[in-house]
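structure-v4.cif follows; it contains mmCIF, C-alpha atoms and all ligand atoms.
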data_input
#
loop_
_atom_site.label_atom_id
_atom_site.label_comp_id
_atom_site.auth_asym_id
_atom_site.auth_seq_id
_atom_site.Cartn_x
_atom_site.Cartn_y
_atom_site.Cartn_z
CA MET Q 582 19.61 -15.93 2.31
CA ASN Q 583 18.24 -12.39 2.14
CA PRO Q 584 18.79 -10.40 -1.05
CA LYS Q 585 21.06 -7.35 -1.09
CA LEU Q 586 18.94 -4.63 0.45
CA ASP Q 587 19.20 -0.87 -0.07
CA VAL Q 588 19.93 1.46 2.81
CA ALA Q 589 17.92 4.70 2.75
CA ARG Q 590 20.00 7.88 3.10
CA LEU Q 591 18.33 10.08 5.69
CA SER Q 592 20.20 13.27 4.82
CA ALA Q 593 18.66 15.54 7.48
CA LEU Q 594 19.98 13.22 10.22
CA GLN Q 595 23.54 13.58 9.05
CA GLY Q 596 23.87 17.20 10.20
CA GLU Q 597 25.46 18.50 13.41
CA SER Q 598 23.59 18.05 16.70
CA SER Q 599 21.08 20.86 17.15
CA TRP Q 600 18.94 22.65 19.75
CA ARG Q 601 16.28 20.07 18.85
CA ASP Q 602 18.48 17.23 20.14
CA SER Q 603 18.87 19.04 23.47
CA PHE Q 604 15.13 19.67 23.68
CA LEU Q 605 14.34 16.00 22.97
CA GLN Q 606 16.85 14.86 25.59
CA TRP Q 607 15.19 17.15 28.13
CA LEU Q 608 11.77 15.77 27.16
CA GLU Q 609 13.05 12.20 27.48
CA ARG Q 610 14.18 12.92 31.05
CA LEU Q 611 10.71 14.30 31.83
CA TYR Q 612 9.01 11.20 30.41
CA ALA Q 613 11.32 8.95 32.45
CA SER Q 614 10.62 10.65 35.79
CA PRO Q 615 8.12 8.67 38.00
CA LYS Q 616 7.62 11.78 40.10
CA LEU Q 617 6.61 13.84 37.10
CA TYR Q 618 4.32 11.05 35.90
CA SER Q 619 2.42 11.14 39.22
CA LEU Q 620 2.38 14.92 39.20
CA SER Q 621 1.01 15.06 35.66
CA LEU Q 622 -2.01 12.99 36.74
CA THR Q 623 -3.02 15.59 39.34
CA ASN Q 624 -3.61 18.38 36.81
CA PRO Q 625 -6.47 17.96 34.25
CA LEU Q 626 -4.39 19.44 31.41
CA THR Q 627 -1.25 17.37 31.88
CA ARG Q 628 -3.37 14.33 32.81
CA TRP Q 629 -4.89 14.44 29.33
CA VAL Q 630 -1.42 14.41 27.73
CA THR Q 631 -0.19 11.53 29.90
CA ARG Q 632 -3.36 9.51 29.37
CA ARG Q 633 -3.09 9.96 25.62
CA ARG Q 634 0.52 8.80 25.58
CA THR Q 635 -0.34 5.78 27.75
CA GLN Q 636 -3.28 4.89 25.52
CA LYS Q 637 -1.08 5.07 22.40
CA LEU Q 638 1.48 2.79 23.96
CA PHE Q 639 -1.25 0.39 25.04
CA ASP Q 640 -2.58 0.33 21.47
CA LEU Q 641 0.88 -0.56 20.17
CA MET Q 642 1.12 -3.38 22.68
CA ALA Q 643 -2.37 -4.66 21.82
CA GLY Q 644 -2.12 -4.22 18.03
CA PHE Q 645 -1.97 -7.94 17.33
CA VAL Q 646 -5.15 -8.59 19.33
CA HIS Q 647 -6.90 -5.75 17.50
CA THR Q 648 -6.03 -7.10 14.09
CA GLN Q 649 -7.10 -10.63 15.09
CA VAL Q 650 -10.47 -9.33 16.33
CA MET Q 651 -10.98 -7.72 12.93
CA LEU Q 652 -9.90 -10.89 11.11
CA GLY Q 653 -12.20 -13.03 13.30
CA CYS Q 654 -15.17 -10.80 12.41
CA ILE Q 655 -14.29 -10.99 8.70
CA ARG Q 656 -14.00 -14.76 8.78
CA LEU Q 657 -17.43 -14.98 10.40
CA ASN Q 658 -18.77 -12.59 7.77
CA LEU Q 659 -20.10 -10.38 10.59
CA PHE Q 660 -19.63 -7.05 8.86
CA LYS Q 661 -21.67 -7.98 5.80
CA MET Q 662 -24.26 -9.74 7.97
CA LEU Q 663 -24.79 -6.76 10.29
CA HIS Q 664 -24.76 -4.34 7.36
CA GLN Q 665 -27.93 -6.04 6.15
CA ALA Q 666 -29.58 -5.67 9.56
CA PRO Q 667 -28.45 -5.36 13.19
CA ALA Q 668 -28.83 -8.57 15.21
CA ASP Q 669 -28.56 -9.66 18.85
CA LEU Q 670 -26.11 -12.12 20.36
CA LYS Q 671 -28.47 -15.07 20.13
CA GLN Q 672 -29.30 -14.49 16.46
CA ILE Q 673 -25.64 -14.02 15.52
CA ALA Q 674 -24.58 -17.12 17.51
CA GLN Q 675 -27.11 -19.22 15.63
CA ARG Q 676 -25.99 -17.91 12.26
CA VAL Q 677 -22.24 -18.39 12.85
CA ASN Q 678 -22.69 -21.56 14.91
CA MET Q 679 -20.60 -20.42 17.86
CA PRO Q 680 -21.32 -20.57 21.62
CA GLU Q 681 -22.72 -17.28 22.89
CA PRO Q 682 -20.17 -16.66 25.71
CA VAL Q 683 -17.12 -16.72 23.40
CA LEU Q 684 -18.87 -14.94 20.56
CA GLN Q 685 -19.83 -12.21 23.01
CA ARG Q 686 -16.11 -11.65 23.79
CA LEU Q 687 -15.49 -11.09 20.10
CA LEU Q 688 -18.48 -8.75 19.68
CA LEU Q 689 -17.63 -6.66 22.75
CA SER Q 690 -14.03 -6.38 21.59
CA ALA Q 691 -15.20 -5.28 18.15
CA VAL Q 692 -17.42 -2.63 19.81
CA SER Q 693 -14.45 -1.35 21.83
CA LEU Q 694 -12.48 -0.94 18.59
CA GLY Q 695 -15.22 0.96 16.75
CA LEU Q 696 -15.85 -1.94 14.37
CA LEU Q 697 -19.31 -2.63 15.78
CA GLU Q 698 -21.76 -0.52 17.80
CA TYR Q 699 -24.53 -1.20 20.26
CA ARG Q 700 -28.05 -0.75 18.88
CA SER Q 701 -31.46 -0.83 20.54
CA LEU Q 702 -33.02 -4.14 21.70
CA SER Q 703 -29.57 -5.52 22.69
CA ARG Q 704 -28.54 -5.70 19.05
CA PHE Q 705 -25.17 -5.12 17.43
CA GLY Q 706 -24.77 -2.98 14.29
CA LEU Q 707 -21.79 -1.70 12.30
CA GLY Q 708 -19.51 0.92 13.86
CA PRO Q 709 -17.79 3.61 11.76
CA LEU Q 710 -14.73 1.41 11.17
CA GLY Q 711 -16.84 -1.64 10.34
CA VAL Q 712 -18.71 0.02 7.46
CA PRO Q 713 -15.78 -0.01 4.95
CA LEU Q 714 -15.10 -3.61 5.86
CA ALA Q 715 -18.64 -4.53 4.83
CA THR Q 716 -18.67 -2.47 1.67
CA HIS Q 717 -15.14 -2.83 0.24
CA ASP Q 718 -14.12 -6.39 -0.50
CA GLY Q 719 -10.57 -5.19 -1.23
CA ILE Q 720 -9.99 -4.13 2.39
CA ALA Q 721 -11.32 -7.41 3.74
CA ALA Q 722 -9.11 -9.29 1.23
CA MET Q 723 -6.00 -7.35 2.38
CA ILE Q 724 -6.79 -8.06 6.05
CA GLU Q 725 -7.09 -11.76 5.28
CA HIS Q 726 -3.87 -11.62 3.22
CA ASN Q 727 -1.96 -9.91 6.09
CA HIS Q 728 -2.32 -13.15 7.97
CA LEU Q 729 0.68 -14.39 5.92
CA LEU Q 730 2.78 -11.42 6.97
CA TYR Q 731 1.93 -11.77 10.64
CA ALA Q 732 2.73 -15.49 10.56
CA ASP Q 733 6.15 -14.66 9.05
CA MET Q 734 6.72 -12.03 11.76
CA GLN Q 735 5.91 -14.17 14.80
CA ASP Q 736 9.54 -13.85 15.87
CA PRO Q 737 10.41 -10.28 14.82
CA LEU Q 738 14.18 -10.60 15.20
CA GLY Q 739 14.30 -13.99 13.50
CA PHE Q 740 12.23 -12.41 10.73
CA LEU Q 741 14.69 -9.53 10.29
CA SER Q 742 17.59 -11.87 9.70
CA ASN Q 743 15.60 -14.31 7.57
CA ALA Q 744 12.84 -12.24 6.02
CA TRP Q 745 13.01 -13.83 2.60
CA GLN Q 746 12.12 -17.32 3.75
CA GLY Q 747 8.47 -16.88 4.69
CA SER Q 748 5.08 -17.32 3.06
CA MET Q 749 4.96 -13.67 1.93
CA ALA Q 750 8.06 -14.18 -0.20
CA ALA Q 751 6.48 -17.28 -1.74
CA TYR Q 752 3.32 -15.27 -2.42
CA TRP Q 753 5.17 -12.79 -4.68
CA PRO Q 754 7.13 -14.91 -7.20
CA TYR Q 755 8.62 -12.01 -9.21
CA ALA Q 756 9.99 -10.28 -6.13
CA HIS Q 757 12.80 -12.80 -5.75
CA ASP Q 758 13.06 -14.55 -9.09
CA ALA Q 759 13.83 -12.60 -12.26
CA GLN Q 760 12.65 -15.60 -14.32
CA ALA Q 761 9.43 -16.12 -12.34
CA ALA Q 762 7.19 -15.58 -15.37
CA THR Q 763 8.48 -18.76 -16.97
CA ARG Q 764 9.23 -20.75 -13.82
CA ALA Q 765 6.46 -20.13 -11.27
CA ALA Q 766 3.05 -21.82 -11.34
CA HIS Q 767 0.38 -19.69 -13.02
CA ASP Q 768 -1.99 -19.79 -10.06
CA LYS Q 769 0.60 -17.76 -8.11
CA PHE Q 770 0.14 -14.92 -10.60
CA SER Q 771 -3.65 -15.04 -10.49
CA ARG Q 772 -3.60 -15.11 -6.68
CA TYR Q 773 -1.68 -11.86 -6.27
CA SER Q 774 -3.30 -10.24 -9.30
CA ASP Q 775 -6.80 -10.84 -7.88
CA LEU Q 776 -5.71 -9.29 -4.58
CA MET Q 777 -4.18 -6.28 -6.36
CA ALA Q 778 -7.28 -5.74 -8.49
CA ALA Q 779 -9.49 -5.96 -5.39
CA SER Q 780 -7.37 -3.47 -3.42
CA GLN Q 781 -6.60 -0.99 -6.22
CA GLY Q 782 -9.89 0.95 -6.07
CA PHE Q 783 -8.77 3.54 -3.53
CA VAL Q 784 -5.46 4.11 -5.36
CA VAL Q 785 -7.24 4.58 -8.68
CA GLN Q 786 -9.55 7.12 -7.06
CA GLU Q 787 -6.53 9.11 -5.82
CA ILE Q 788 -4.96 9.11 -9.29
CA LEU Q 789 -8.09 10.05 -11.21
CA SER Q 790 -8.94 12.86 -8.81
CA SER Q 791 -5.41 14.35 -8.72
CA TYR Q 792 -4.11 14.37 -12.28
CA TYR Q 793 -5.51 15.82 -15.55
CA PHE Q 794 -5.33 13.30 -18.37
CA ASP Q 795 -6.80 15.69 -20.97
CA GLU Q 796 -3.46 16.60 -22.60
CA HIS Q 797 -2.51 12.96 -23.24
CA GLN Q 798 -3.47 10.72 -26.14
CA CYS Q 799 -2.06 7.35 -25.19
CA VAL Q 800 -1.21 5.94 -21.75
CA LEU Q 801 1.00 2.93 -21.06
CA ASP Q 802 0.40 1.32 -17.65
CA VAL Q 803 3.54 -0.61 -16.66
CA GLY Q 804 2.88 -3.38 -14.12
CA ALA Q 805 -0.78 -3.11 -15.11
CA GLY Q 806 -1.97 -6.20 -13.23
CA LYS Q 807 -5.45 -7.29 -14.30
CA GLY Q 808 -6.07 -3.91 -15.92
CA ARG Q 809 -8.37 -2.40 -13.34
CA PHE Q 810 -6.69 1.01 -13.49
CA ALA Q 811 -6.50 0.84 -17.30
CA CYS Q 812 -10.27 0.19 -17.54
CA ASP Q 813 -11.23 2.85 -14.99
CA LEU Q 814 -8.96 5.33 -16.76
CA ALA Q 815 -10.51 4.50 -20.14
CA VAL Q 816 -13.95 5.26 -18.68
CA HIS Q 817 -12.70 8.43 -16.95
CA ALA Q 818 -10.98 9.81 -20.08
CA PRO Q 819 -12.82 8.42 -23.15
CA HIS Q 820 -10.39 10.06 -25.61
CA LEU Q 821 -7.45 7.94 -24.39
CA GLN Q 822 -5.92 4.86 -25.97
CA VAL Q 823 -4.43 2.58 -23.28
CA GLN Q 824 -1.54 0.12 -23.43
CA LEU Q 825 -0.88 -2.50 -20.75
CA PHE Q 826 2.52 -3.99 -19.94
CA ASP Q 827 3.05 -6.79 -17.43
CA LEU Q 828 4.47 -10.29 -17.15
CA PRO Q 829 2.83 -12.68 -19.69
CA PRO Q 830 0.78 -14.75 -17.18
CA VAL Q 831 -0.61 -11.55 -15.65
CA LEU Q 832 -1.46 -9.95 -18.99
CA ALA Q 833 -3.41 -13.08 -19.97
CA LEU Q 834 -5.60 -12.38 -16.92
CA ALA Q 835 -5.82 -8.70 -17.87
CA LYS Q 836 -7.02 -9.60 -21.36
CA ASN Q 837 -9.91 -11.64 -19.92
CA ASN Q 838 -10.81 -8.89 -17.49
CA VAL Q 839 -10.74 -6.17 -20.16
CA GLU Q 840 -12.87 -8.33 -22.47
CA GLN Q 841 -15.41 -8.84 -19.68
CA ARG Q 842 -15.60 -5.08 -19.20
CA GLY Q 843 -16.17 -4.67 -22.95
CA MET Q 844 -13.11 -2.45 -23.44
CA SER Q 845 -10.87 -4.52 -25.69
CA GLU Q 846 -11.01 -1.94 -28.50
CA ARG Q 847 -9.41 0.73 -26.35
CA MET Q 848 -6.53 -1.46 -25.10
CA ASN Q 849 -3.30 -2.91 -26.46
CA PHE Q 850 -1.50 -5.67 -24.57
CA HIS Q 851 2.29 -5.91 -24.37
CA PRO Q 852 3.44 -8.94 -22.39
CA GLY Q 853 7.05 -8.77 -21.20
CA SER Q 854 9.38 -8.15 -18.33
CA PHE Q 855 10.87 -4.72 -17.71
CA LEU Q 856 13.93 -6.56 -16.40
CA HIS Q 857 14.68 -8.11 -19.79
CA ASP Q 858 12.57 -6.33 -22.45
CA GLU Q 859 12.22 -2.81 -23.79
CA LEU Q 860 8.92 -1.03 -23.19
CA PRO Q 861 6.56 -0.46 -26.14
CA LEU Q 862 6.64 2.95 -27.84
CA GLY Q 863 3.68 5.19 -28.60
CA ALA Q 864 2.44 6.39 -25.22
CA ASP Q 865 2.88 10.03 -24.20
CA LEU Q 866 2.12 9.17 -20.55
CA ILE Q 867 3.49 6.14 -18.71
CA THR Q 868 2.01 5.16 -15.36
CA LEU Q 869 3.69 3.12 -12.65
CA VAL Q 870 1.15 2.22 -9.99
CA ARG Q 871 2.38 0.33 -6.88
CA VAL Q 872 5.32 -1.09 -8.86
CA ALA Q 873 8.54 0.74 -7.87
CA HIS Q 874 8.29 -0.08 -4.16
CA ASP Q 875 8.45 -3.82 -4.98
CA HIS Q 876 12.02 -3.44 -6.28
CA PRO Q 877 15.46 -2.35 -5.09
CA ASP Q 878 17.01 0.93 -6.29
CA GLU Q 879 19.08 -0.76 -8.96
CA VAL Q 880 15.99 -2.22 -10.67
CA VAL Q 881 13.98 0.98 -10.25
CA LYS Q 882 16.79 3.01 -11.84
CA GLN Q 883 16.83 0.74 -14.90
CA LEU Q 884 13.06 0.78 -15.13
CA LEU Q 885 12.93 4.59 -14.96
CA GLN Q 886 15.58 4.80 -17.69
CA LYS Q 887 13.53 2.47 -19.89
CA ILE Q 888 10.43 4.56 -19.28
CA HIS Q 889 12.35 7.73 -20.16
CA ALA Q 890 13.61 6.10 -23.37
CA ALA Q 891 10.10 4.93 -24.35
CA LEU Q 892 8.51 8.38 -23.98
CA PRO Q 893 8.42 11.04 -26.72
CA LEU Q 894 9.88 14.50 -25.96
CA GLY Q 895 7.45 16.25 -23.60
CA GLY Q 896 5.99 12.91 -22.47
CA ALA Q 897 5.37 12.25 -18.78
CA LEU Q 898 5.73 9.58 -16.12
CA LEU Q 899 3.12 9.39 -13.36
CA LEU Q 900 4.20 7.26 -10.41
CA ALA Q 901 1.72 6.40 -7.66
CA GLU Q 902 2.31 4.27 -4.56
CA PRO Q 903 2.41 4.53 -0.77
CA MET Q 904 5.45 6.57 0.31
CA ALA Q 905 7.41 7.03 3.52
CA GLN Q 906 6.99 9.96 5.83
CA THR Q 907 9.63 12.60 5.15
CA LEU Q 908 11.91 13.68 8.01
CA SER Q 909 10.21 17.07 8.26
CA GLU Q 910 6.81 15.34 8.54
CA SER Q 911 8.18 12.96 11.18
CA PHE Q 912 9.05 15.98 13.37
CA LYS Q 913 5.29 16.71 13.51
CA GLY Q 914 4.55 13.21 14.85
CA PRO Q 915 4.92 9.58 13.87
CA THR Q 916 2.77 7.75 11.35
CA GLN Q 917 2.09 4.09 11.90
CA SER Q 918 1.43 3.21 8.26
CA ASP Q 919 5.18 3.41 7.47
CA ALA Q 920 5.95 0.54 9.86
CA TYR Q 921 3.44 -1.66 8.06
CA PHE Q 922 4.89 -0.99 4.61
CA HIS Q 923 8.53 -1.31 5.75
CA PHE Q 924 7.82 -4.79 7.05
CA TYR Q 925 5.45 -5.82 4.27
CA LEU Q 926 7.97 -4.95 1.55
CA LEU Q 927 10.80 -6.63 3.46
CA ALA Q 928 8.78 -9.84 3.79
CA MET Q 929 7.99 -9.63 0.09
CA GLY Q 930 11.54 -9.21 -1.27
CA ALA Q 931 14.13 -6.52 -1.94
CA GLY Q 932 11.84 -3.53 -2.51
CA ARG Q 933 11.34 -0.74 -0.01
CA LEU Q 934 9.16 2.16 1.03
CA ARG Q 935 10.73 5.39 -0.25
CA THR Q 936 10.09 9.00 0.63
CA PRO Q 937 8.79 11.25 -2.18
CA GLU Q 938 12.23 12.93 -2.20
CA GLU Q 939 13.99 9.62 -2.82
CA ILE Q 940 11.67 8.80 -5.71
CA MET Q 941 12.09 12.28 -7.17
CA GLN Q 942 15.86 11.87 -6.94
CA LEU Q 943 15.70 8.50 -8.77
CA MET Q 944 13.52 10.10 -11.45
CA ALA Q 945 15.94 13.00 -11.84
CA GLU Q 946 18.87 10.57 -12.22
CA ALA Q 947 16.94 8.80 -14.99
CA GLY Q 948 16.67 12.12 -16.88
CA PHE Q 949 13.21 13.38 -15.88
CA THR Q 950 12.68 17.12 -15.35
CA GLN Q 951 9.84 19.29 -13.96
CA ILE Q 952 9.33 16.64 -11.28
CA GLU Q 953 6.36 17.45 -9.06
CA HIS Q 954 4.92 15.84 -5.95
CA LEU Q 955 1.17 16.16 -6.56
CA PRO Q 956 -1.03 16.88 -3.57
CA ASN Q 957 -3.77 14.30 -3.03
CA ALA Q 958 -6.55 13.74 -0.53
CA MET Q 959 -5.59 10.33 0.94
CA PRO Q 960 -1.81 9.86 0.93
CA ILE Q 961 -2.15 6.66 2.97
CA HIS Q 962 -3.44 4.93 -0.18
CA ALA Q 963 -0.82 6.38 -2.50
CA GLN Q 964 1.16 9.55 -3.15
CA LEU Q 965 1.72 10.80 -6.68
CA ILE Q 966 4.79 12.08 -8.47
CA VAL Q 967 4.90 13.27 -12.05
CA GLY Q 968 8.01 13.98 -14.14
CA ARG Q 969 8.55 14.98 -17.76
CA LYS Q 970 10.93 14.12 -20.54
CA SER Q 971 12.34 17.52 -21.44
CA LYS Q 972 11.83 18.96 -24.91
CA CYS Q 973 15.12 20.87 -24.58
CA LEU Q 974 18.09 19.67 -26.59
CA PRO Q 975 21.04 18.58 -24.43
CA LEU Q 976 23.91 21.11 -24.35
C1 LIG O 1001 2.10 -4.80 -6.65
S1 LIG O 1001 1.54 -5.22 -8.25
C2 LIG O 1001 0.63 -3.76 -8.72
C3 LIG O 1001 -0.34 -4.02 -9.83
C4 LIG O 1001 -1.19 -2.81 -10.22
N1 LIG O 1001 -0.42 -1.77 -10.81
C5 LIG O 1001 -1.92 -2.31 -8.98
O1 LIG O 1001 -1.61 -1.24 -8.44
O2 LIG O 1001 -2.82 -3.04 -8.53
C6 LIG O 1001 3.00 -5.06 -9.24
C7 LIG O 1001 2.80 -5.48 -10.70
O3 LIG O 1001 4.06 -5.39 -11.37
C8 LIG O 1001 4.20 -6.52 -12.20
N2 LIG O 1001 5.62 -6.80 -12.41
C9 LIG O 1001 6.52 -7.19 -11.49
N3 LIG O 1001 7.72 -7.42 -12.05
C10 LIG O 1001 7.57 -7.16 -13.36
C11 LIG O 1001 8.45 -7.19 -14.48
N4 LIG O 1001 9.71 -7.56 -14.33
N5 LIG O 1001 7.97 -6.83 -15.68
C12 LIG O 1001 6.66 -6.47 -15.84
N6 LIG O 1001 5.79 -6.41 -14.82
C13 LIG O 1001 6.23 -6.75 -13.60
C14 LIG O 1001 3.52 -7.63 -11.42
O4 LIG O 1001 3.17 -8.74 -12.22
C15 LIG O 1001 2.32 -6.91 -10.84
O5 LIG O 1001 1.21 -6.97 -11.69
#
Since I need it in another form, could you write the structure as structure tokens?
Ligand SMILES: C[S@@+](CC[C@H](N)C(=O)[O-])C[C@H]1O[C@@H](n2cnc3c(N)ncnc32)[C@H](O)[C@@H]1O
Amino acid sequence: MNPKLDVARLSALQGESSWRDSFLQWLERLYASPKLYSLSLTNPLTRWVTRRRTQKLFDLMAGFVHTQVMLGCIRLNLFKMLHQAPADLKQIAQRVNMPEPVLQRLLLSAVSLGLLEYRSLSRFGLGPLGVPLATHDGIAAMIEHNHLLYADMQDPLGFLSNAWQGSMAAYWPYAHDAQAATRAAHDKFSRYSDLMAASQGFVVQEILSSYYFDEHQCVLDVGAGKGRFACDLAVHAPHLQVQLFDLPPVLALAKNNVEQRGMSERMNFHPGSFLHDELPLGADLITLVRVAHDHPDEVVKQLLQKIHAALPLGGALLLAEPMAQTLSESFKGPTQSDAYFHFYLLAMGAGRLRTPEEIMQLMAEAGFTQIEHLPNAMPIHAQLIVGRKSKCLPL
């Protein structure tokens, strides 16, 4: 059975019908008219618009093929291979032990998607979208991991009514079992923690380039995983002391990782569950990186209250994770990354993708003030919200 899921309140949609509704209905009639479709193709300007819309729809239809082409290339290690040196069909076929005619289909498809590019002497090299796949193991690991999600979603409607039964739910033990830390096998924790550590680099970069840590003395990272952010932060801001809080099996992995990076002296480890335990005291900044979206509102509210209680007056919470497009942004055009996260988090458990406004509201309810949505360069990786524990005495 699925857990009790939150329903997002989309306040701007609750208003009276507006001139915008009428405009959109008029536009819908235009789009539906076969006569207008034919007419639009006769004029270079309108032809461009219609072609673009058709191409976008085609891409939606073909999305599964696109992702499988990318996965096929990763499984054959093509991106790393061609990053070392471009190669022709024959050379690649020998290296991956695959017949040339079928391999060629894969290579040509990858070229059409910008993953590979043609080079001189009939060779293939990396295209602009292939380069990050060769150089960032975290992206390749996430693409491989998505295989679980896509297997769960084979039947999209069946998935919606039974989302909690698939392999993604089994992958994330804590997302549907409050006692997972004592009940689930330890390799389940290392499996997701390795993936998180591998994929956290871009998020860490967003945080370190968007927030000044100078005013803080001690940072507590809640849901710290293997401590990648904690270590990078300790290097970035050498004056900081860092505390890590996570489930006991995960913190054991973090301890090893921190030791390997030679940073044990800067770190304190606090194993526990924020569902059952209080957070350690002493930090004047608490960070929550890709944690809140794993949990339903009820859990997030309790967690934010615990964070508020653990902070000194004037202390701050910095929350970073992917967030949903706001309604005003959606009027400018759709973003496809939201669809991915909505389905990923549903397959995982009872968490959800929230808009910055929803998160700010939850933080305000937990007692935070001066809540700011920080601008950052790559919101697709994570958006950032900071809130403070007021120094003012309550009236
Ligand atoms: C999606 S991972 C993110 C890890 C890391 N912050 C990152 O961005 O890579 C969420 C983390 O929250 C931890 N977590 C989940 N439930 C928890 C709980 N009840 N108490 C403490 N940590 C928890 C998980 O073990 C995991 O390390």
**OP:** Go through Q:Gln886, Q:Asn727, Q:Leu892, Q:Ser790 and flag the residue nearest Tyr921 of chain Q, using all atoms listed in the file for the distances.
**Re:** Q:Asn727
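Neighbours of ligand LIG 1001 (chain O) at a cut-off of 6 Å, computed so that only C-alpha atoms and all ligand atoms are counted, are the residues Tyr755, Met777, Ala778, Gln781, Gly804, Ala805, Gly806, Asp827, Leu828, Val831, Gly853, Ser854, Phe855, Leu856, Val870, Arg871 and Val872 of chain Q.
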Subject >> Selected residue, from Q:Ala668, Q:Lys882, Q:Glu938, Q:Ala928, that lies nearest to Ala751 of chain Q when counting only C-alpha atoms >> reply: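 Of Q:Ala668, Q:Lys882, Q:Glu938, Q:Ala928, the one nearest Ala751 of chain Q, counting only C-alpha atoms, is Q:Ala928.
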**OP:** Kindly give the distance, in Å, that separates atom CA of Tyr792 of chain Q and atom CA of Pro937 of chain Q, rounded to a single decimal.
**Re:**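 These atoms are spaced 16.7 Å apart.
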At most 12 Å from (7.3, -7.2, 6.6), file frame, all atoms listed in the file: which residues, as a compact mmCIF listing (two decimals) with C-alpha atoms, in the coordinates of the input?
# COMPACT_ATOMS: atom_id res chain seq x y z
CA ASN Q 727 -1.96 -9.91 6.09
CA HIS Q 728 -2.32 -13.15 7.97
CA LEU Q 729 0.68 -14.39 5.92
CA LEU Q 730 2.78 -11.42 6.97
CA TYR Q 731 1.93 -11.77 10.64
CA ALA Q 732 2.73 -15.49 10.56
CA ASP Q 733 6.15 -14.66 9.05
CA MET Q 734 6.72 -12.03 11.76
CA GLN Q 735 5.91 -14.17 14.80
CA ASP Q 736 9.54 -13.85 15.87
CA PRO Q 737 10.41 -10.28 14.82
CA LEU Q 738 14.18 -10.60 15.20
CA GLY Q 739 14.30 -13.99 13.50
CA PHE Q 740 12.23 -12.41 10.73
CA LEU Q 741 14.69 -9.53 10.29
CA SER Q 742 17.59 -11.87 9.70
CA ASN Q 743 15.60 -14.31 7.57
CA ALA Q 744 12.84 -12.24 6.02
CA TRP Q 745 13.01 -13.83 2.60
CA GLN Q 746 12.12 -17.32 3.75
CA GLY Q 747 8.47 -16.88 4.69
CA SER Q 748 5.08 -17.32 3.06
CA MET Q 749 4.96 -13.67 1.93
CA ALA Q 750 8.06 -14.18 -0.20
CA ASP Q 919 5.18 3.41 7.47
CA ALA Q 920 5.95 0.54 9.86
CA TYR Q 921 3.44 -1.66 8.06
CA PHE Q 922 4.89 -0.99 4.61
CA HIS Q 923 8.53 -1.31 5.75
CA PHE Q 924 7.82 -4.79 7.05
CA TYR Q 925 5.45 -5.82 4.27
CA LEU Q 926 7.97 -4.95 1.55
CA LEU Q 927 10.80 -6.63 3.46
CA ALA Q 928 8.78 -9.84 3.79
CA MET Q 929 7.99 -9.63 0.09
CA GLY Q 930 11.54 -9.21 -1.27
CA ALA Q 931 14.13 -6.52 -1.94
CA GLY Q 932 11.84 -3.53 -2.51
CA ARG Q 933 11.34 -0.74 -0.01
CA LEU Q 934 9.16 2.16 1.03
Original post:
Of the candidates Q:Asp865, Q:Asp858, Q:Glu840, Q:Asp775, which one gets nearest to Gln824 of chain Q if we count all atoms listed in the file?
Top reply: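 Smallest distance to Gln824 of chain Q is found for Q:Asp865.
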Original post:
Closest to Pro956 of chain Q among Q:Ile788, Q:Leu657, Q:Ala873, Q:Val692, using all atoms listed in the file?
Top reply: Q:Ile788
Subject >> For Glu787 of chain Q, the nearest of the candidates Q:Gly914, Q:Pro903, Q:Pro975, Q:Gly653, counting all atoms listed in the file >> reply: Q:Pro903
Original post:
If we count all atoms listed in the file, what is near Lys807 of chain Q at a cut-off of 12 Å, once residues fewer than 2 positions away on the same chain are taken out, given as an NGL selection string?
Top reply: :Q and (770-781 or 802-805 or 809-813 or 825-842 or 850)
